[in-house]
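Heads up: the structure comes next, in structure tokens.
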Amino acid sequence: MANEPYDPLELLKTYLNDNPSTPSFFKNFLLNRLGSQLIWYENKSNNFKKRWQRSRIAVIILSATIPFAVGYIGTFGEGKDAYNDMLKFAVGLAGVIIAMLEGFNSLFKSQDLYIDYRVTAEQIKQELSYFIGQAGYTATDFSLLVTKVEAIIAKENNQWSELVRRNDDATNQAKIQEMVQGYLEKYNIKIEAPVAEPATPPAGADAATPPATSTETPPATPPATPPAPEEPIVEGPVG
């Protein structure tokens, strides 16, 4: 039926039933390698997609709610400071949640993994469809299908390794800090550090009076006079 979902395992079982002469090693590859990997990539892609979409929906709702709540701060009048404080707390909490969600997305790479896994699953499906339909394959091109499918899986593994390496980069922490600072500045949320008290000057010392500075210009040192050359001694004849 047209509404039946695509089930790679059922497709493989149908192919094997129609081709009973398929070698046992290739049957094992189709069911336990190609089929299981295809299902794994599809499930992971769907899970990361749902996680990423939920996170984005929460960020959009909170980002739209913060300006609305900020506009009501201070409008409750006298005697209702508790409501104003509650709104301030809610705005600050929403900003923190947004920063956390963005940080989690940056750390776990839900969007990137969702796309990578979906692309890998579709590539495996494509090669399987080509093989079953003998488009570029013959009925006995077992090694060609194995080579192409393993190349697809190896490529995705390399991409995943590179993604994990980027997660360990210290620049992710800097990005999260910049993101938090940006939200604080955008919604005018200030976090003031305690002001240190000035040190008390010692008794008897006038802290307001700076030390006296001499304004006299030191006399210029005259250039050194080179010594006069010694006159040669001329000896006369001895009488």
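We name chains A, B, ... following the order of the structure tokens; residues begin at 1 in each chain, and ligands are numbered from 1 as shown.
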Give me the residues within 12 Å of A:Gly71 as a list in words, counting only C-alpha atoms and dropping any in the same chain fewer than 5 places off.
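Those residues are Thr65, Ile66, Phe76, Asn84, Leu87, Lys88, Val91 and Tyr187 of chain A.
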Expected file contents, prior selection, C-alpha atoms, as an mmCIF file, in the first residue's frame:
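Saved as result-v6.cif:
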```cif
data_model
loop_
_atom_site.group_PDB
_atom_site.id
_atom_site.type_symbol
_atom_site.label_atom_id
_atom_site.label_comp_id
_atom_site.auth_asym_id
_atom_site.auth_seq_id
_atom_site.Cartn_x
_atom_site.Cartn_y
_atom_site.Cartn_z
ATOM 1 C CA THR A 65 8.057 37.058 26.390
ATOM 2 C CA ILE A 66 10.977 38.967 27.914
ATOM 3 C CA PHE A 76 1.917 48.285 39.498
ATOM 4 C CA ASN A 84 7.660 44.265 40.257
ATOM 5 C CA LEU A 87 8.674 40.323 37.102
ATOM 6 C CA LYS A 88 12.350 41.218 37.435
ATOM 7 C CA VAL A 91 12.940 38.222 33.243
ATOM 8 C CA TYR A 187 17.441 43.385 28.169
#
```
Could you give me the residues within stretch 47-108 of chain A that DSSP places in alpha helix (DSSP H), as a ChimeraX atom specification?
/A:47-70,81-108
Using only C-alpha atoms, which of A:Phe89, A:Met100, A:Tyr83, A:Arg33 sits nearest A:Val59?
A:Met100
Write out as a list in words which residues come within 12 Å of A:Ser143 when counting only C-alpha atoms, dropping same-chain ones fewer than 6 positions away.
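What passes the distance filter is Pro23, Phe25, Phe26, Phe29, Leu30, Phe131, Tyr137, Val149 and Glu150 of chain A.
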Could those selected residues go to a file with N, CA and C atoms, as a PDB file, in the first residue's frame?
```pdb
ATOM      1  N   PRO A  23      24.653 -15.390  -1.330  1.00  0.00           N
ATOM      2  CA  PRO A  23      25.618 -15.983  -0.383  1.00  0.00           C
ATOM      3  C   PRO A  23      25.293 -15.615   1.058  1.00  0.00           C
ATOM      4  N   PHE A  25      27.271 -14.824   3.551  1.00  0.00           N
ATOM      5  CA  PHE A  25      27.998 -13.674   4.091  1.00  0.00           C
ATOM      6  C   PHE A  25      27.315 -12.370   3.680  1.00  0.00           C
ATOM      7  N   PHE A  26      26.741 -12.345   2.464  1.00  0.00           N
ATOM      8  CA  PHE A  26      26.078 -11.132   1.996  1.00  0.00           C
ATOM      9  C   PHE A  26      24.725 -10.956   2.681  1.00  0.00           C
ATOM     10  N   PHE A  29      25.538  -9.373   5.935  1.00  0.00           N
ATOM     11  CA  PHE A  29      25.857  -7.953   5.766  1.00  0.00           C
ATOM     12  C   PHE A  29      24.591  -7.125   5.575  1.00  0.00           C
ATOM     13  N   LEU A  30      23.672  -7.606   4.739  1.00  0.00           N
ATOM     14  CA  LEU A  30      22.455  -6.844   4.462  1.00  0.00           C
ATOM     15  C   LEU A  30      21.591  -6.670   5.710  1.00  0.00           C
ATOM     16  N   PHE A 131      21.032  -0.967  -5.751  1.00  0.00           N
ATOM     17  CA  PHE A 131      21.410  -2.375  -5.837  1.00  0.00           C
ATOM     18  C   PHE A 131      20.199  -3.258  -6.145  1.00  0.00           C
ATOM     19  N   TYR A 137      24.415  -1.578 -10.840  1.00  0.00           N
ATOM     20  CA  TYR A 137      24.836  -2.823 -10.211  1.00  0.00           C
ATOM     21  C   TYR A 137      24.348  -3.999 -11.073  1.00  0.00           C
ATOM     22  N   VAL A 149      28.742   1.222   0.820  1.00  0.00           N
ATOM     23  CA  VAL A 149      28.074   1.439   2.105  1.00  0.00           C
ATOM     24  C   VAL A 149      29.086   1.688   3.212  1.00  0.00           C
ATOM     25  N   GLU A 150      30.170   0.930   3.228  1.00  0.00           N
ATOM     26  CA  GLU A 150      31.197   1.139   4.256  1.00  0.00           C
ATOM     27  C   GLU A 150      31.867   2.500   4.092  1.00  0.00           C
TER      28      GLU A 150
END
```
Figure out the distance between atom CA of A:Ser106 and atom CA of A:Lys50, please, to one decimal in Å.
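Computed distance, atom CA of A:Lys50 to atom CA of A:Ser106, equals 15.8 Å.
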Minimum-distance residue to A:Phe142, chosen among A:Lys109, A:Lys44, A:Lys27, A:Lys155 (using only C-alpha atoms):
A:Lys27
Out of A:Pro67, A:Leu16, A:Lys49, A:Leu9, which residue has the shortest atom-to-atom distance to A:Ala90 when counting only C-alpha atoms?
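The answer is A:Pro67, which sits nearest to A:Ala90.
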For atom CA of A:Lys13 and atom CA of A:Ile124, quote the distance in Å rounded to one decimal.
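Separation between atom CA of A:Lys13 and atom CA of A:Ile124: 16.5 Å.
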